[in-house]
$ cat run_14.tsv   # TSV, C-alpha atoms and all ligand atoms
chain	number	residue	atom	x	y	z
A	1	MET	CA	74.42	-40.24	14.65
A	2	ILE	CA	73.78	-36.56	13.94
A	3	SER	CA	77.25	-35.61	12.70
A	4	ILE	CA	78.74	-32.13	13.08
A	5	SER	CA	79.47	-31.95	9.35
A	6	LYS	CA	78.70	-33.88	6.23
A	7	PRO	CA	79.64	-33.28	2.59
A	8	ILE	CA	76.58	-33.33	0.34
A	9	LEU	CA	77.48	-34.75	-3.04
A	10	GLY	CA	75.19	-35.95	-5.79
A	11	HIS	CA	74.95	-37.29	-9.29
A	12	GLU	CA	76.15	-33.92	-10.67
A	13	GLU	CA	79.52	-34.11	-8.87
A	14	GLU	CA	79.92	-37.78	-9.88
A	15	GLN	CA	79.28	-37.03	-13.54
A	16	ALA	CA	81.53	-33.98	-13.55
A	17	VAL	CA	84.45	-35.91	-12.04
A	18	LEU	CA	83.89	-38.80	-14.43
A	19	ARG	CA	83.99	-36.45	-17.43
A	20	VAL	CA	87.40	-35.20	-16.27
A	21	LEU	CA	88.72	-38.72	-15.71
A	22	ARG	CA	87.61	-39.77	-19.17
A	23	SER	CA	89.08	-36.66	-20.77
A	24	GLY	CA	92.57	-37.66	-19.60
A	25	LYS	CA	93.38	-34.02	-18.74
A	26	LEU	CA	93.80	-34.14	-14.98
A	27	THR	CA	95.54	-30.91	-14.02
A	28	GLN	CA	96.10	-27.26	-14.98
A	29	GLY	CA	93.35	-27.23	-17.57
A	30	GLU	CA	90.09	-25.64	-18.59
A	31	VAL	CA	88.06	-26.95	-15.67
A	32	VAL	CA	90.23	-25.18	-13.08
A	33	ARG	CA	89.99	-22.02	-15.23
A	34	GLN	CA	86.23	-22.27	-15.36
A	35	PHE	CA	85.94	-22.84	-11.61
A	36	GLU	CA	88.15	-19.80	-10.99
A	37	GLU	CA	86.04	-17.61	-13.25
A	38	GLU	CA	82.77	-18.74	-11.72
A	39	PHE	CA	84.08	-18.33	-8.19
A	40	ALA	CA	85.35	-14.80	-8.94
A	41	THR	CA	81.93	-13.91	-10.36
A	42	TYR	CA	80.23	-15.34	-7.29
A	43	VAL	CA	82.40	-13.39	-4.82
A	44	GLY	CA	82.37	-10.26	-6.98
A	45	THR	CA	86.12	-9.92	-7.56
A	46	LYS	CA	88.04	-9.56	-10.82
A	47	HIS	CA	90.18	-12.63	-10.18
A	48	ALA	CA	90.14	-15.96	-8.42
A	49	ILE	CA	93.14	-18.29	-8.32
A	50	ALA	CA	92.64	-21.91	-7.28
A	51	ALA	CA	95.05	-23.55	-4.84
A	52	SER	CA	95.59	-26.98	-3.37
A	53	ASN	CA	93.86	-26.06	-0.08
A	54	GLY	CA	92.91	-23.14	2.14
A	55	THR	CA	96.25	-23.12	3.93
A	56	THR	CA	98.20	-22.77	0.67
A	57	ALA	CA	95.73	-20.06	-0.47
A	58	LEU	CA	96.68	-18.08	2.67
A	59	HIS	CA	100.39	-18.86	2.26
A	60	LEU	CA	100.38	-17.74	-1.40
A	61	SER	CA	98.53	-14.52	-0.53
A	62	LEU	CA	101.03	-13.60	2.17
A	63	LEU	CA	103.98	-14.34	-0.13
A	64	ALA	CA	102.48	-12.38	-3.01
A	65	ALA	CA	101.87	-9.46	-0.63
A	66	GLY	CA	105.62	-9.46	-0.05
A	67	ILE	CA	105.48	-10.69	3.54
A	68	GLY	CA	108.55	-12.47	4.86
A	69	PRO	CA	111.11	-12.71	7.68
A	70	GLY	CA	111.10	-9.72	10.04
A	71	ASP	CA	107.52	-8.75	9.23
A	72	GLU	CA	104.51	-8.92	11.53
A	73	VAL	CA	100.97	-9.89	10.61
A	74	ILE	CA	98.07	-9.09	12.94
A	75	THR	CA	95.51	-11.86	13.35
A	76	THR	CA	93.34	-13.71	15.87
A	77	ALA	CA	94.32	-16.63	18.08
A	78	PHE	CA	90.74	-17.89	18.13
A	79	THR	CA	90.84	-19.75	14.83
A	80	PHE	CA	91.94	-22.97	13.20
A	81	ILE	CA	95.73	-23.11	13.46
A	82	ALA	CA	96.18	-22.85	9.66
A	83	SER	CA	95.60	-19.06	9.75
A	84	ALA	CA	98.62	-18.44	11.96
A	85	ASN	CA	100.69	-21.27	10.48
A	86	ALA	CA	100.51	-19.65	7.03
A	87	ILE	CA	102.10	-16.54	8.57
A	88	LEU	CA	104.86	-18.62	10.18
A	89	TYR	CA	105.64	-20.38	6.87
A	90	THR	CA	106.67	-17.03	5.36
A	91	GLY	CA	109.07	-16.33	8.24
A	92	ALA	CA	106.86	-13.50	9.53
A	93	LYS	CA	105.47	-13.32	13.07
A	94	PRO	CA	101.78	-13.62	13.89
A	95	VAL	CA	100.70	-10.91	16.35
A	96	PHE	CA	97.49	-11.89	18.10
A	97	VAL	CA	94.73	-9.43	18.89
A	98	ASP	CA	91.88	-10.36	21.22
A	99	ILE	CA	88.34	-11.05	19.99
A	100	GLU	CA	84.85	-9.67	20.59
A	101	GLU	CA	82.71	-11.56	23.14
A	102	ASP	CA	79.65	-11.76	20.92
A	103	THR	CA	80.99	-12.25	17.36
A	104	PHE	CA	84.11	-14.30	18.28
A	105	ASN	CA	85.99	-12.29	15.62
A	106	ILE	CA	89.02	-10.00	15.96
A	107	ASN	CA	88.20	-6.83	17.90
A	108	PRO	CA	88.99	-3.86	15.60
A	109	ASP	CA	89.29	-1.53	18.61
A	110	LEU	CA	92.35	-3.44	19.81
A	111	ILE	CA	94.23	-3.61	16.50
A	112	GLU	CA	95.96	-0.22	16.45
A	113	LYS	CA	97.71	-0.86	19.77
A	114	LYS	CA	99.47	-3.85	18.18
A	115	ILE	CA	100.68	-2.05	15.05
A	116	THR	CA	104.47	-1.54	14.94
A	117	PRO	CA	106.85	-0.42	12.15
A	118	LYS	CA	107.18	-4.14	11.30
A	119	THR	CA	103.47	-4.68	10.73
A	120	LYS	CA	102.71	-5.43	7.08
A	121	ALA	CA	99.24	-6.93	7.06
A	122	ILE	CA	96.06	-7.75	8.95
A	123	MET	CA	94.55	-11.20	8.59
A	124	PRO	CA	91.00	-11.22	9.97
A	125	VAL	CA	89.18	-14.56	10.12
A	126	ASP	CA	85.43	-14.87	9.42
A	127	LEU	CA	84.99	-17.41	12.17
A	128	TYR	CA	82.15	-19.95	11.99
A	129	GLY	CA	80.83	-18.20	8.84
A	130	LEU	CA	80.30	-14.72	10.31
A	131	PRO	CA	82.28	-11.97	8.57
A	132	ALA	CA	84.75	-10.03	10.71
A	133	ASN	CA	84.15	-6.27	10.90
A	134	MET	CA	85.76	-5.75	7.49
A	135	LYS	CA	84.81	-2.09	7.19
A	136	ALA	CA	86.55	-1.10	10.42
A	137	ILE	CA	89.54	-3.30	9.56
A	138	ALA	CA	89.86	-1.85	6.04
A	139	LYS	CA	89.85	1.66	7.51
A	140	ILE	CA	92.69	0.86	9.93
A	141	ALA	CA	94.62	-0.86	7.13
A	142	ARG	CA	94.24	2.18	4.85
A	143	GLU	CA	95.43	4.57	7.54
A	144	HIS	CA	98.51	2.47	8.30
A	145	LYS	CA	99.17	1.28	4.72
A	146	LEU	CA	98.71	-2.40	5.57
A	147	SER	CA	97.45	-5.20	3.34
A	148	VAL	CA	94.29	-7.03	4.36
A	149	ILE	CA	94.29	-10.78	3.74
A	150	GLU	CA	90.92	-12.14	4.76
A	151	ASP	CA	90.72	-15.73	5.95
A	152	ALA	CA	87.26	-16.55	4.62
A	153	CYS	CA	87.89	-20.31	4.77
A	154	GLN	CA	84.69	-20.77	6.80
A	155	ALA	CA	82.57	-18.09	5.16
A	156	HIS	CA	81.71	-18.85	1.51
A	157	GLY	CA	78.79	-16.62	0.62
A	158	ALA	CA	78.66	-14.62	3.85
A	159	THR	CA	78.04	-10.90	3.37
A	160	ILE	CA	78.02	-7.50	5.02
A	161	ASN	CA	75.35	-5.30	3.43
A	162	ASN	CA	75.24	-7.73	0.50
A	163	LYS	CA	78.99	-7.45	-0.18
A	164	LYS	CA	80.60	-10.86	-0.03
A	165	THR	CA	83.49	-12.06	2.10
A	166	GLY	CA	86.64	-12.33	0.05
A	167	SER	CA	85.97	-9.02	-1.72
A	168	TYR	CA	87.13	-6.60	0.99
A	169	GLY	CA	90.89	-6.70	1.20
A	170	LEU	CA	93.84	-7.31	-1.07
A	171	ALA	CA	92.98	-11.02	-0.89
A	172	GLY	CA	90.24	-13.34	0.29
A	173	CYS	CA	91.17	-16.95	1.01
A	174	PHE	CA	88.77	-19.89	0.89
A	175	SER	CA	88.99	-23.58	1.73
A	176	PHE	CA	87.06	-26.41	0.10
A	177	TYR	CA	87.99	-29.02	2.69
A	178	ALA	CA	85.41	-31.78	3.19
A	179	THR	CA	83.71	-30.12	6.19
A	180	LYS	CA	83.34	-26.62	4.69
A	181	ASN	CA	80.13	-25.08	3.32
A	182	MET	CA	81.16	-26.31	-0.13
A	183	THR	CA	83.84	-28.90	-0.86
A	184	THR	CA	86.23	-30.32	-3.39
A	185	GLY	CA	87.71	-32.81	-0.89
A	186	GLU	CA	90.82	-30.67	-0.53
A	187	GLY	CA	91.06	-27.34	-2.28
A	188	GLY	CA	91.40	-23.60	-1.89
A	189	MET	CA	90.92	-20.27	-3.67
A	190	VAL	CA	92.31	-16.75	-3.50
A	191	THR	CA	90.06	-13.89	-4.63
A	192	THR	CA	91.38	-10.42	-5.47
A	193	ASN	CA	90.72	-7.30	-7.53
A	194	ASN	CA	94.44	-6.66	-8.02
A	195	SER	CA	95.64	-8.02	-11.38
A	196	GLN	CA	99.36	-7.85	-10.56
A	197	PHE	CA	98.81	-9.66	-7.28
A	198	ALA	CA	96.72	-12.33	-9.06
A	199	GLU	CA	99.50	-12.87	-11.58
A	200	LYS	CA	102.08	-13.21	-8.81
A	201	ILE	CA	99.94	-15.85	-7.11
A	202	ARG	CA	99.59	-17.80	-10.35
A	203	LEU	CA	103.39	-17.85	-10.66
A	204	LEU	CA	104.06	-18.79	-7.04
A	205	ARG	CA	101.44	-21.56	-7.27
A	206	SER	CA	103.38	-23.28	-10.00
A	207	HIS	CA	107.11	-23.03	-9.21
A	208	GLY	CA	107.42	-19.41	-10.31
A	209	MET	CA	107.22	-20.50	-13.91
A	210	LYS	CA	106.16	-17.90	-16.49
A	211	LYS	CA	107.72	-19.51	-19.53
A	212	ARG	CA	107.97	-23.28	-19.53
A	213	TYR	CA	110.94	-24.32	-17.38
A	214	TYR	CA	112.16	-20.78	-16.76
A	215	HIS	CA	111.69	-19.83	-13.10
A	216	ASP	CA	111.70	-16.20	-11.95
A	217	TYR	CA	110.74	-16.79	-8.32
A	218	LEU	CA	111.01	-19.51	-5.74
A	219	GLY	CA	107.57	-21.01	-6.16
A	220	TYR	CA	105.69	-24.04	-4.97
A	221	ASN	CA	103.39	-26.73	-6.23
A	222	PHE	CA	100.12	-25.53	-4.71
A	223	ARG	CA	97.89	-26.43	-7.67
A	224	MET	CA	94.34	-27.74	-7.74
A	225	THR	CA	93.44	-30.78	-9.86
A	226	GLU	CA	90.80	-30.80	-12.61
A	227	MET	CA	88.79	-33.41	-10.65
A	228	GLU	CA	88.61	-31.08	-7.66
A	229	ALA	CA	87.64	-28.12	-9.84
A	230	ALA	CA	84.91	-30.21	-11.51
A	231	MET	CA	83.42	-30.91	-8.07
A	232	GLY	CA	83.83	-27.27	-7.14
A	233	ILE	CA	81.82	-26.04	-10.13
A	234	GLU	CA	78.89	-28.27	-9.13
A	235	GLN	CA	79.17	-27.43	-5.42
A	236	LEU	CA	79.22	-23.71	-6.19
A	237	LYS	CA	75.88	-24.08	-8.01
A	238	LYS	CA	74.43	-25.57	-4.81
A	239	LEU	CA	76.11	-23.24	-2.33
A	240	GLU	CA	73.17	-20.85	-1.99
A	241	VAL	CA	70.81	-23.75	-1.25
A	242	PHE	CA	73.28	-25.20	1.28
A	243	ASN	CA	73.75	-21.83	2.98
A	244	SER	CA	70.00	-21.12	3.10
A	245	LYS	CA	69.44	-24.48	4.78
A	246	ARG	CA	72.21	-23.77	7.32
A	247	ILE	CA	70.72	-20.34	8.06
A	248	ALA	CA	67.21	-21.80	8.43
A	249	ASN	CA	68.50	-24.59	10.71
A	250	ALA	CA	70.40	-22.05	12.81
A	251	GLY	CA	67.31	-19.85	13.15
A	252	TYR	CA	65.19	-22.80	14.19
A	253	LEU	CA	67.70	-24.01	16.78
A	254	THR	CA	68.03	-20.50	18.22
A	255	LYS	CA	64.24	-20.40	18.64
A	256	LYS	CA	64.23	-23.81	20.33
A	257	LEU	CA	67.06	-22.89	22.71
A	258	HIS	CA	65.48	-19.59	23.67
A	259	GLY	CA	65.14	-18.91	27.37
A	260	ILE	CA	67.48	-21.59	28.70
A	261	PRO	CA	69.56	-19.82	31.37
A	262	GLY	CA	73.28	-20.05	30.66
A	263	ILE	CA	72.89	-20.90	26.98
A	264	ILE	CA	73.86	-18.00	24.73
A	265	THR	CA	72.94	-18.49	21.08
A	266	PRO	CA	74.92	-16.93	18.18
A	267	THR	CA	74.82	-13.20	17.48
A	268	VAL	CA	74.33	-11.87	13.97
A	269	PRO	CA	75.02	-8.11	13.78
A	270	SER	CA	72.54	-6.13	11.70
A	271	GLY	CA	73.42	-6.08	7.99
A	272	TYR	CA	75.52	-9.25	8.29
A	273	ARG	CA	74.75	-12.58	6.64
A	274	HIS	CA	76.16	-15.39	8.80
A	275	VAL	CA	76.45	-18.63	6.77
A	276	PHE	CA	76.83	-20.85	9.85
A	277	HIS	CA	79.79	-23.00	8.96
A	278	GLN	CA	79.38	-23.72	12.66
A	279	TYR	CA	76.46	-22.99	14.98
A	280	THR	CA	78.22	-22.15	18.20
A	281	ILE	CA	76.64	-21.54	21.58
A	282	LYS	CA	78.28	-20.27	24.75
A	283	ILE	CA	77.66	-22.11	27.99
A	284	THR	CA	77.99	-19.92	31.06
A	285	PRO	CA	77.97	-21.03	34.73
A	286	GLU	CA	74.26	-20.11	34.97
A	287	PHE	CA	73.52	-23.26	32.96
A	288	GLY	CA	74.22	-25.26	36.11
A	289	SER	CA	76.05	-28.06	34.35
A	290	THR	CA	79.43	-28.00	32.63
A	291	ARG	CA	80.10	-27.93	28.92
A	292	GLU	CA	81.89	-31.25	29.20
A	293	ASP	CA	78.88	-32.85	30.93
A	294	LEU	CA	76.57	-31.48	28.27
A	295	MET	CA	78.83	-32.92	25.58
A	296	LYS	CA	78.58	-36.32	27.26
A	297	THR	CA	74.80	-36.08	27.38
A	298	LEU	CA	74.67	-35.25	23.69
A	299	GLU	CA	77.18	-37.93	22.80
A	300	LYS	CA	75.17	-40.58	24.66
A	301	ASP	CA	72.21	-39.70	22.46
A	302	ARG	CA	74.36	-39.80	19.33
A	303	VAL	CA	74.61	-36.07	18.76
A	304	ASP	CA	78.03	-34.96	17.60
A	305	ALA	CA	78.84	-31.66	19.35
A	306	LEU	CA	82.38	-30.32	19.14
A	307	ILE	CA	84.55	-27.55	20.56
A	308	TYR	CA	86.03	-25.26	17.93
A	309	TYR	CA	88.63	-24.54	19.34
A	310	PRO	CA	89.52	-25.81	22.82
A	311	LEU	CA	93.04	-24.34	22.80
A	312	PRO	CA	93.66	-20.92	21.20
A	313	VAL	CA	96.63	-20.70	18.85
A	314	HIS	CA	98.90	-18.75	21.23
A	315	LYS	CA	98.53	-21.56	23.80
A	316	GLN	CA	99.39	-24.35	21.36
A	317	ALA	CA	102.67	-26.16	22.03
A	318	VAL	CA	104.03	-25.12	18.62
A	319	TYR	CA	103.43	-21.45	19.43
A	320	LYS	CA	104.29	-21.30	23.12
A	321	LYS	CA	108.00	-21.27	22.34
A	322	ILE	CA	107.77	-18.30	19.99
A	323	TYR	CA	104.87	-16.34	21.36
A	324	SER	CA	105.71	-13.87	24.06
A	325	GLY	CA	102.79	-11.46	23.71
A	326	ASP	CA	100.10	-10.27	26.10
A	327	ARG	CA	97.41	-12.51	27.44
A	328	LEU	CA	94.18	-12.65	25.43
A	329	PRO	CA	91.54	-12.67	28.16
A	330	VAL	CA	88.44	-12.78	25.93
A	331	THR	CA	89.88	-15.45	23.63
A	332	GLU	CA	90.83	-17.57	26.64
A	333	LYS	CA	87.44	-17.20	28.31
A	334	ILE	CA	85.46	-17.87	25.13
A	335	SER	CA	87.45	-21.00	24.26
A	336	SER	CA	86.34	-22.43	27.61
A	337	GLN	CA	82.66	-21.68	26.89
A	338	VAL	CA	81.94	-22.51	23.25
A	339	LEU	CA	80.25	-25.60	21.87
A	340	SER	CA	79.25	-26.16	18.24
A	341	LEU	CA	76.05	-28.06	17.42
A	342	PRO	CA	75.16	-29.78	14.12
A	343	ILE	CA	73.12	-27.60	11.72
A	344	HIS	CA	74.58	-28.67	8.32
A	345	PRO	CA	72.14	-29.01	5.41
A	346	GLY	CA	71.58	-32.71	6.15
A	347	VAL	CA	70.23	-31.97	9.66
A	348	GLU	CA	66.43	-32.08	9.91
A	349	ARG	CA	63.94	-30.23	12.09
A	350	LYS	CA	63.30	-33.28	14.24
A	351	ASP	CA	67.06	-33.56	14.85
A	352	LEU	CA	67.18	-29.93	15.95
A	353	GLU	CA	64.19	-30.49	18.24
A	354	ARG	CA	65.97	-33.46	19.80
A	355	ILE	CA	69.17	-31.48	20.29
A	356	ALA	CA	67.25	-28.63	21.95
A	357	GLU	CA	65.37	-31.06	24.22
A	358	LEU	CA	68.60	-32.75	25.28
A	359	ILE	CA	70.13	-29.40	26.18
A	360	ARG	CA	67.02	-28.30	28.07
A	361	GLY	CA	66.91	-31.64	29.89
A	362	ALA	CA	70.62	-31.53	30.77
A	363	LYS	CA	69.84	-28.71	33.15
A	364	PRO	CA	69.53	-30.04	36.67
A	365	HIS	CA	67.06	-27.37	37.87
A	366	PRO	CA	63.63	-26.67	36.35
A	367	THR	CA	63.31	-24.24	33.42
A	368	ASN	CA	60.63	-21.83	32.33
A	369	ASN	CA	59.98	-24.04	29.34
A	370	LYS	CA	56.88	-22.77	27.56
B	401	LIG	C1	89.75	-24.79	7.04
B	401	LIG	C2	90.45	-23.56	7.45
B	401	LIG	C3	91.70	-23.19	6.94
B	401	LIG	C4	92.56	-24.09	6.12
B	401	LIG	O1	91.98	-24.68	5.05
B	401	LIG	P1	92.51	-26.12	4.55
B	401	LIG	O2	91.80	-26.27	3.24
B	401	LIG	O3	92.12	-27.13	5.56
B	401	LIG	O4	93.99	-26.02	4.38
B	401	LIG	C5	92.23	-21.97	7.29
B	401	LIG	N1	91.58	-21.14	8.12
B	401	LIG	C6	90.39	-21.45	8.66
B	401	LIG	C7	89.71	-20.48	9.56
B	401	LIG	C8	89.79	-22.68	8.35
B	401	LIG	O5	88.62	-22.99	8.91
$ encode --input "run_14.tsv" --output "structure tokens" --more "lines below"
Ligand SMILES: *Cc1c(COP(=O)(O)O)cnc(C)c1O
Amino acid sequence: MISISKPILGHEEEQAVLRVLRSGKLTQGEVVRQFEEEFATYVGTKHAIAASNGTTALHLSLLAAGIGPGDEVITTAFTFIASANAILYTGAKPVFVDIEEDTFNINPDLIEKKITPKTKAIMPVDLYGLPANMKAIAKIAREHKLSVIEDACQAHGATINNKKTGSYGLAGCFSFYATKNMTTGEGGMVTTNNSQFAEKIRLLRSHGMKKRYYHDYLGYNFRMTEMEAAMGIEQLKKLEVFNSKRIANAGYLTKKLHGIPGIITPTVPSGYRHVFHQYTIKITPEFGSTREDLMKTLEKDRVDALIYYPLPVHKQAVYKKIYSGDRLPVTEKISSQVLSLPIHPGVERKDLERIAELIRGAKPHPTNNK
């Protein structure tokens, strides 16, 4: 089976976790501190604060930005549901803006129309590992005095003109879930250049406790363990190698899929570094066979292809009751066209060749295969 994702763990992670287990210090210690410092250095921010997962990293960031009931946060509906859920947890309302056809990310040109006196923040998502248009978003945020909380949970190490995701807004939020470009099993991180905001997140992460057993705020237990941080330190050392392999695999697959009518390979705008958390093609009617049929063909040959995401957030049962906004025509069209193919660092050239051949062969009419 060529799986859609696979954590790559070695002797280094094993040894690092063992050292923590043998030390007897399992939480809130030096290893989490070290992981935070190294992650901040990697992203290029002053601070990084570890959390229990990507969802709690987003939740903490929204809370520390002062977002709560009555507020609105602008985001995309074409994402994993956690982005919008984090907004709901605070009591605020997610306001969905449609996406761009080619990047799948929030369309900056449509944001201003959705800004109201209740809007407090914009939460762009760097979907599939491609940064959202952070420059345009930051400009809108500055003009309207809004916070930017970037959901970079799929984009560790992605850049725009060499500036990393997670370093653009008030906060960048990362996930280290098992399928992400680097993993700690479960885990998350907030990056920021704002010292006061960082301090607030540290408090909220641990029951609002500044002095032992004195609680200034209603906080949570959203902490990371030392075992997770130990894995994270080792995974971070390997992230560049992992990302380079993903990028090389993506480039190779794009070459192999070239010229198949109805198959549209991923776009990478100039100056952007896409780290291909997912390699996602669009299948248009020109292909001559449906996405679902293609998935069956791939599945039969033990290739794991998946749809991220078949149902946009505003159409989810949980959201239908509360969401009364406009339709999102591009989001809705794209969610019916996308299919993600395996390109993780464990996928080999011969696998990619097989995937491309299967897709080419799935076409009922002859191709201009050269
Ligand atoms: C994975 C992910 C999250 C949530 O991260 P968890 O660690 O699973 O809580 C949030 N947003 C996006 C876009 C994600 O891909």
$ closest_residue --input "run_14.tsv" --among "A:Val125, A:Ile4, A:Leu62, A:Leu9" --to "ligand LIG 401 (chain B)" --atoms "all atoms listed in the file"
A:Val125
$ atom_distance --input "run_14.tsv" --atom1 "CA of Gly70 (chain A)" --atom2 "atom C6 of ligand LIG 401 (chain B)"
23.8 Å
$ closest_residue --input "run_14.tsv" --among "A:Phe287, A:Tyr308, A:Phe242, A:Phe80" --to "ligand LIG 401 (chain B)" --atoms "all atoms listed in the file"
A:Phe80
$ residues_around --input "run_14.tsv" --residues "region 97-99 of chain A" --least-positions-apart "2" --cutoff "7 Å" --atoms "only C-alpha atoms" --output "MDAnalysis selection string"
chainID A and resid 74:76 95 101 104:107 110:111 328 330:331
$ closest_atom_pairs --input "run_14.tsv" --of "chain A" --to "ligand LIG 401 (chain B)" --cutoff "6 Å" --atoms "only C-alpha atoms and all ligand atoms" --output "JSON lines"
{"residue": "A:Asn53", "atom": "CA", "partner": "B:LIG401", "partner_atom": "O2", "distance": 3.9}
{"residue": "A:Gly54", "atom": "CA", "partner": "B:LIG401", "partner_atom": "O1", "distance": 3.4}
{"residue": "A:Thr55", "atom": "CA", "partner": "B:LIG401", "partner_atom": "O4", "distance": 3.7}
{"residue": "A:Thr79", "atom": "CA", "partner": "B:LIG401", "partner_atom": "C7", "distance": 5.4}
{"residue": "A:Phe80", "atom": "CA", "partner": "B:LIG401", "partner_atom": "C7", "distance": 4.9}
{"residue": "A:Ala82", "atom": "CA", "partner": "B:LIG401", "partner_atom": "C5", "distance": 4.7}
{"residue": "A:Ser83", "atom": "CA", "partner": "B:LIG401", "partner_atom": "N1", "distance": 4.8}
{"residue": "A:Val125", "atom": "CA", "partner": "B:LIG401", "partner_atom": "C7", "distance": 6.0}
{"residue": "A:Asp151", "atom": "CA", "partner": "B:LIG401", "partner_atom": "N1", "distance": 5.9}
{"residue": "A:Cys153", "atom": "CA", "partner": "B:LIG401", "partner_atom": "C8", "distance": 4.7}
{"residue": "A:Gln154", "atom": "CA", "partner": "B:LIG401", "partner_atom": "O5", "distance": 5.0}
{"residue": "A:Ser175", "atom": "CA", "partner": "B:LIG401", "partner_atom": "O2", "distance": 4.2}
{"residue": "A:Phe176", "atom": "CA", "partner": "B:LIG401", "partner_atom": "O2", "distance": 5.7}
{"residue": "A:Tyr177", "atom": "CA", "partner": "B:LIG401", "partner_atom": "O2", "distance": 4.7}
{"residue": "A:Glu186", "atom": "CA", "partner": "B:LIG401", "partner_atom": "O2", "distance": 5.9}
{"residue": "A:Gly187", "atom": "CA", "partner": "B:LIG401", "partner_atom": "O2", "distance": 5.7}
{"residue": "A:Gly188", "atom": "CA", "partner": "B:LIG401", "partner_atom": "O2", "distance": 5.8}
$ atom_distance --input "run_14.tsv" --atom1 "CA of Gly157 (chain A)" --atom2 "CA of Arg246 (chain A)"
11.8 Å
$ residues_around --input "run_14.tsv" --residues "Tyr217 (chain A)" --least-positions-apart "4" --cutoff "10 Å" --atoms "only C-alpha atoms" --output "ChimeraX atom specification"
/A:200,203-204,206-210
$ write_last_selection --input "run_14.tsv" --atoms "C-alpha atoms" --output "PDB file, keeping the file's coordinate frame"
ATOM      1  CA  LYS A 200     102.080 -13.210  -8.810  1.00  0.00           C
ATOM      2  CA  LEU A 203     103.390 -17.850 -10.660  1.00  0.00           C
ATOM      3  CA  LEU A 204     104.060 -18.790  -7.040  1.00  0.00           C
ATOM      4  CA  SER A 206     103.380 -23.280 -10.000  1.00  0.00           C
ATOM      5  CA  HIS A 207     107.110 -23.030  -9.210  1.00  0.00           C
ATOM      6  CA  GLY A 208     107.420 -19.410 -10.310  1.00  0.00           C
ATOM      7  CA  MET A 209     107.220 -20.500 -13.910  1.00  0.00           C
ATOM      8  CA  LYS A 210     106.160 -17.900 -16.490  1.00  0.00           C
TER       9      LYS A 210
END
$ residues_near_point --input "run_14.tsv" --point "(78.1, -10.3, 2.9)" --cutoff "12 Å" --atoms "all atoms listed in the file" --output "count of residues only"
34
$ axis_aligned_box --input "run_14.tsv" --around "region 306-321 of chain A" --padding-each-side "3 Å" --output "lines of an AutoDock Vina configuration file"
center_x = 95.2
center_y = -24.5
center_z = 20.9
size_x = 31.6
size_y = 17.6
size_z = 11.9
$ residues_around --input "run_14.tsv" --residues "region 260-262 of chain A" --least-positions-apart "6" --cutoff "6 Å" --atoms "only C-alpha atoms" --output "JSON, numbers by chain"
{"A": [283, 284, 286, 287]}
$ residues_around --input "run_14.tsv" --residues "region 224-235 of chain A" --least-positions-apart "4" --cutoff "7 Å" --atoms "only C-alpha atoms" --output "PyMOL selection string"
chain A and resi 12-13+16-17+20+26-29+31-32+35+50-52+182-184+187+239
$ write_last_selection --input "run_14.tsv" --atoms "C-alpha atoms" --output "short mmCIF file (atom, residue, chain, number, x, y, z; two decimals), in the coordinates of the input"
data_model
loop_
_atom_site.label_atom_id
_atom_site.label_comp_id
_atom_site.auth_asym_id
_atom_site.auth_seq_id
_atom_site.Cartn_x
_atom_site.Cartn_y
_atom_site.Cartn_z
CA GLU A 12 76.15 -33.92 -10.67
CA GLU A 13 79.52 -34.11 -8.87
CA ALA A 16 81.53 -33.98 -13.55
CA VAL A 17 84.45 -35.91 -12.04
CA VAL A 20 87.40 -35.20 -16.27
CA LEU A 26 93.80 -34.14 -14.98
CA THR A 27 95.54 -30.91 -14.02
CA GLN A 28 96.10 -27.26 -14.98
CA GLY A 29 93.35 -27.23 -17.57
CA VAL A 31 88.06 -26.95 -15.67
CA VAL A 32 90.23 -25.18 -13.08
CA PHE A 35 85.94 -22.84 -11.61
CA ALA A 50 92.64 -21.91 -7.28
CA ALA A 51 95.05 -23.55 -4.84
CA SER A 52 95.59 -26.98 -3.37
CA MET A 182 81.16 -26.31 -0.13
CA THR A 183 83.84 -28.90 -0.86
CA THR A 184 86.23 -30.32 -3.39
CA GLY A 187 91.06 -27.34 -2.28
CA LEU A 239 76.11 -23.24 -2.33
#
$ closest_residue --input "run_14.tsv" --among "A:Ala48, A:Ile140, A:Met1, A:Leu257" --to "Ile359 (chain A)" --atoms "only C-alpha atoms"
A:Leu257
